[in-house]
Amino acid sequence: MAQLIDGKAVAARVRAEVKADVEILKAERGLVPGLTVVRVGEDPASKIYVNGKKKAAEEVGFNSWEEHPDASISEAELLAIVHRLNEDPAVHGILVQLPLPKHIDAERIISAVKPEKDVDGFHPMNAGKLSLGKPGLRPCTPFGVMRLLKEAGCDPSGKRAVVVGRSNIVGKPMALMLLAADATVTVCHRKSNLAAEVANADIVVAAVGVPELIKGEWIKPGAVVIDVGMNRMADGKLKGDVEFEKAKERASFITPVPGGVGPMTIAMLMRNTLIAASGGI
Ligand code: NAD
């Protein structure tokens, strides 16, 4: 029976570490990290996410601001906001909450954020640095997964890791981070033989968005299973991408949904903002 990896507890630990570092930055350099979240329009899910980010930022001792233009804002006006924040020395981290309204090209907006303030780690410059194995700001969710693996005592070096999903925000950067940690990495997608690939994996990271796609019986006994999936079911409950009850019979460690990867994303955003403020990359 697998041990649960308690993402809530680890996230609280990360936030406490960031808070302690903020106190040092304040005392030694008179510097208070600043995070601005840009939320366009009234997407209800975005409002919940942004509130969570603001709350965490305040808790760790950052200055935090929200820019909240109307959904009718033009792309040029939104770019002007980003340019202003790029030049504001009090703002060390800029996060543009996605999705953006359809008339705005999200890629253009993300590319306009200064790479050193791109605390989401989505800017092509940061994606390129990750791919080249150079220091840079990393996407928060896979960055959080790496921390969870560490907390579970799982060193990816020499292990076979299977990442299911190849999105630019989770799957691809996840694969690159595991590769940088010396795992032998396989990235799976719709054309892959999931059962066969997962059966070989010492580490499975599921980031698909299909409830219980990864069957418990595929899991290699003793594997570490990280479930990034967050699927809202008809009854309002959240379900992961892994068949949790069966997978936990075979895995050595497993993340629950909710309470696994989810809380880590915001915690690592705090860590990234601290890195951006202290020039630590
Ligand atoms: P996405 O839709 O951008 O990408 C999904 C990937 O899964 C794609 O690469 C696709 O090829 C692959 N895929 C889809 N169906 C498949 C199938 N049947 N077989 C094999 N591969 C398949 O999604 P995303 O943004 O990467 O998010 C994935 C999941 O992770 C979602 O449930 C999302 O809600 C969740 N998520 C959670 C957090 C968090 O903080 N916990 C953050 C981001 C995403």
# chains A, B, ... in the order shown; residues from 1 in each chain; ligands from 1
>>> residues_around(residues="A:Leu100", least_positions_apart="4", cutoff="12 Å", atoms="only C-alpha atoms", output="PyMOL selection string")
chain A and resi 38-43+46+68-75+78+96+104-110
>>> residues_near_ligand(ligand="ligand 1", cutoff="6 Å", atoms="only C-alpha atoms and all ligand atoms", output="tab-separated table (two decimals) with all heavy atoms, in the first residue's frame")
chain	number	residue	atom	x	y	z
A	141	THR	N	4.05	24.27	-11.92
A	141	THR	CA	3.50	22.94	-11.60
A	141	THR	C	4.57	21.85	-11.68
A	141	THR	O	4.77	21.11	-10.70
A	141	THR	CB	2.28	22.64	-12.49
A	141	THR	OG1	1.31	23.67	-12.26
A	141	THR	CG2	1.67	21.29	-12.17
A	164	VAL	N	2.87	11.44	-18.87
A	164	VAL	CA	1.73	11.31	-19.79
A	164	VAL	C	1.15	12.70	-19.98
A	164	VAL	O	0.67	13.32	-19.03
A	164	VAL	CB	0.66	10.32	-19.27
A	164	VAL	CG1	-0.38	10.06	-20.35
A	164	VAL	CG2	1.30	9.02	-18.82
A	165	GLY	N	1.18	13.18	-21.23
A	165	GLY	CA	0.77	14.55	-21.55
A	165	GLY	C	1.98	15.36	-21.99
A	165	GLY	O	3.06	15.20	-21.42
A	166	ARG	N	1.80	16.16	-23.02
A	166	ARG	CA	2.95	16.93	-23.56
A	166	ARG	C	2.60	18.41	-23.74
A	166	ARG	O	3.02	19.03	-24.71
A	166	ARG	CB	3.39	16.32	-24.89
A	166	ARG	CG	2.29	16.29	-25.92
A	166	ARG	CD	2.79	15.85	-27.28
A	166	ARG	NE	1.67	15.45	-28.11
A	166	ARG	CZ	1.80	14.92	-29.32
A	166	ARG	NH1	2.98	14.72	-29.83
A	166	ARG	NH2	0.73	14.59	-30.03
A	167	SER	N	1.81	18.95	-22.82
A	167	SER	CA	1.49	20.38	-22.92
A	167	SER	C	2.72	21.21	-22.61
A	167	SER	O	3.67	20.74	-21.96
A	167	SER	CB	0.35	20.74	-21.96
A	167	SER	OG	0.83	20.75	-20.64
A	169	ILE	N	2.81	23.71	-20.64
A	169	ILE	CA	2.87	24.21	-19.26
A	169	ILE	C	3.14	23.09	-18.25
A	169	ILE	O	3.62	23.36	-17.16
A	169	ILE	CB	1.61	25.02	-18.87
A	169	ILE	CG1	0.35	24.18	-18.95
A	169	ILE	CG2	1.47	26.26	-19.72
A	169	ILE	CD1	-0.83	24.89	-18.27
A	170	VAL	N	2.83	21.85	-18.60
A	170	VAL	CA	3.09	20.76	-17.65
A	170	VAL	C	3.97	19.66	-18.27
A	170	VAL	O	5.12	19.46	-17.87
A	170	VAL	CB	1.81	20.13	-17.06
A	170	VAL	CG1	2.18	19.21	-15.89
A	170	VAL	CG2	0.81	21.17	-16.58
A	171	GLY	N	3.43	18.92	-19.22
A	171	GLY	CA	4.10	17.70	-19.69
A	171	GLY	C	5.52	17.93	-20.19
A	171	GLY	O	6.47	17.27	-19.73
A	189	HIS	N	1.53	10.50	-25.24
A	189	HIS	CA	0.43	11.33	-25.73
A	189	HIS	C	-0.64	10.41	-26.30
A	189	HIS	O	-0.59	9.19	-26.07
A	189	HIS	CB	0.97	12.34	-26.75
A	189	HIS	CG	1.93	11.74	-27.71
A	189	HIS	ND1	1.52	10.91	-28.73
A	189	HIS	CD2	3.29	11.75	-27.73
A	189	HIS	CE1	2.58	10.48	-29.39
A	189	HIS	NE2	3.68	10.96	-28.78
A	190	ARG	N	-1.54	10.98	-27.08
A	190	ARG	CA	-2.69	10.19	-27.57
A	190	ARG	C	-2.29	8.99	-28.42
A	190	ARG	O	-3.03	8.03	-28.51
A	190	ARG	CB	-3.64	11.08	-28.36
A	190	ARG	CG	-4.50	11.97	-27.49
A	190	ARG	CD	-5.61	12.61	-28.31
A	190	ARG	NE	-6.40	13.50	-27.45
A	190	ARG	CZ	-6.08	14.76	-27.18
A	190	ARG	NH1	-5.01	15.28	-27.72
A	190	ARG	NH2	-6.84	15.48	-26.38
A	207	ALA	N	-0.40	14.03	-16.55
A	207	ALA	CA	-0.87	15.41	-16.76
A	207	ALA	C	-1.66	15.44	-18.05
A	207	ALA	O	-1.20	15.92	-19.08
A	207	ALA	CB	0.32	16.36	-16.81
A	208	VAL	N	-2.85	14.88	-17.98
A	208	VAL	CA	-3.63	14.64	-19.18
A	208	VAL	C	-4.95	15.43	-19.19
A	208	VAL	O	-5.32	16.05	-20.18
A	208	VAL	CB	-3.99	13.13	-19.31
A	208	VAL	CG1	-4.51	12.82	-20.70
A	208	VAL	CG2	-2.82	12.24	-18.96
A	209	GLY	N	-5.66	15.39	-18.08
A	209	GLY	CA	-6.98	16.01	-18.05
A	209	GLY	C	-8.09	15.05	-18.43
A	209	GLY	O	-9.15	15.47	-18.91
A	228	VAL	N	-1.12	14.96	-11.71
A	228	VAL	CA	-1.31	16.41	-11.89
A	228	VAL	C	-2.76	16.73	-12.24
A	228	VAL	O	-3.23	17.85	-12.06
A	228	VAL	CB	-0.34	16.95	-12.98
A	228	VAL	CG1	-0.49	18.44	-13.15
A	228	VAL	CG2	1.11	16.60	-12.66
A	229	GLY	N	-3.48	15.74	-12.73
A	229	GLY	CA	-4.83	15.96	-13.26
A	229	GLY	C	-5.79	16.57	-12.24
A	229	GLY	O	-5.75	16.22	-11.05
A	230	MET	N	-6.60	17.49	-12.71
A	230	MET	CA	-7.64	18.08	-11.85
A	230	MET	C	-8.91	18.13	-12.69
A	230	MET	O	-9.11	19.06	-13.46
A	230	MET	CB	-7.26	19.51	-11.43
A	230	MET	CG	-6.10	19.57	-10.47
A	230	MET	SD	-6.12	21.05	-9.45
A	230	MET	CE	-6.14	22.31	-10.67
A	231	ASN	N	-9.71	17.10	-12.55
A	231	ASN	CA	-10.92	16.99	-13.37
A	231	ASN	C	-12.15	17.17	-12.49
A	231	ASN	O	-12.35	16.41	-11.55
A	231	ASN	CB	-10.95	15.61	-14.05
A	231	ASN	CG	-9.65	15.34	-14.80
A	231	ASN	OD1	-9.36	15.97	-15.81
A	231	ASN	ND2	-8.84	14.39	-14.31
A	261	VAL	N	-0.58	17.62	-6.01
A	261	VAL	CA	0.16	18.61	-6.80
A	261	VAL	C	-0.48	20.00	-6.71
A	261	VAL	O	0.22	21.01	-6.70
A	261	VAL	CB	0.23	18.15	-8.29
A	261	VAL	CG1	0.91	19.20	-9.15
A	261	VAL	CG2	0.94	16.81	-8.39
A	262	GLY	N	-1.81	20.04	-6.65
A	262	GLY	CA	-2.54	21.31	-6.68
A	262	GLY	C	-1.95	22.40	-5.79
A	262	GLY	O	-1.58	23.47	-6.29
A	265	THR	N	1.49	24.33	-6.83
A	265	THR	CA	1.67	25.28	-7.92
A	265	THR	C	1.80	26.71	-7.38
A	265	THR	O	2.72	27.45	-7.76
A	265	THR	CB	0.50	25.14	-8.92
A	265	THR	OG1	0.53	23.79	-9.41
A	265	THR	CG2	0.63	26.09	-10.09
>>> atom_distance(atom1="atom CA of A:Lys215", atom2="atom CA of A:Lys237")
19.4 Å
>>> closest_residue(among="A:Asn86, A:Lys134, A:Ala175, A:Ile203", to="A:Val187", atoms="only C-alpha atoms")
A:Ala175
>>> closest_atom_pairs(of="stretch 82-170 of chain A", to="stretch 31-34 of chain A", cutoff="8 Å", atoms="only C-alpha atoms", output="Markdown table")
| residue | atom | partner | partner_atom | distance |
| --- | --- | --- | --- | --- |
| A:Ala90 | CA | A:Gly34 | CA | 5.9 |
| A:Val91 | CA | A:Gly34 | CA | 4.7 |
| A:His92 | CA | A:Gly34 | CA | 5.2 |
| A:Gly93 | CA | A:Gly34 | CA | 6.3 |
>>> select_by_dssp(residues="stretch 16-243 of chain A", states="strand (DSSP E or B)", output="PyMOL selection string")
chain A and resi 34-38+63-67+93-96+118+160-164+184-188+203-206+214+224-227+231-232+238-239+242
>>> closest_residue(among="A:Ala20, A:Met177, A:Val225, A:Ala112", to="A:Arg250", atoms="only C-alpha atoms")
A:Val225
>>> closest_residue(among="A:Lys114, A:Arg160, A:Lys172, A:Lys54", to="A:Asn200", atoms="only C-alpha atoms")
A:Arg160
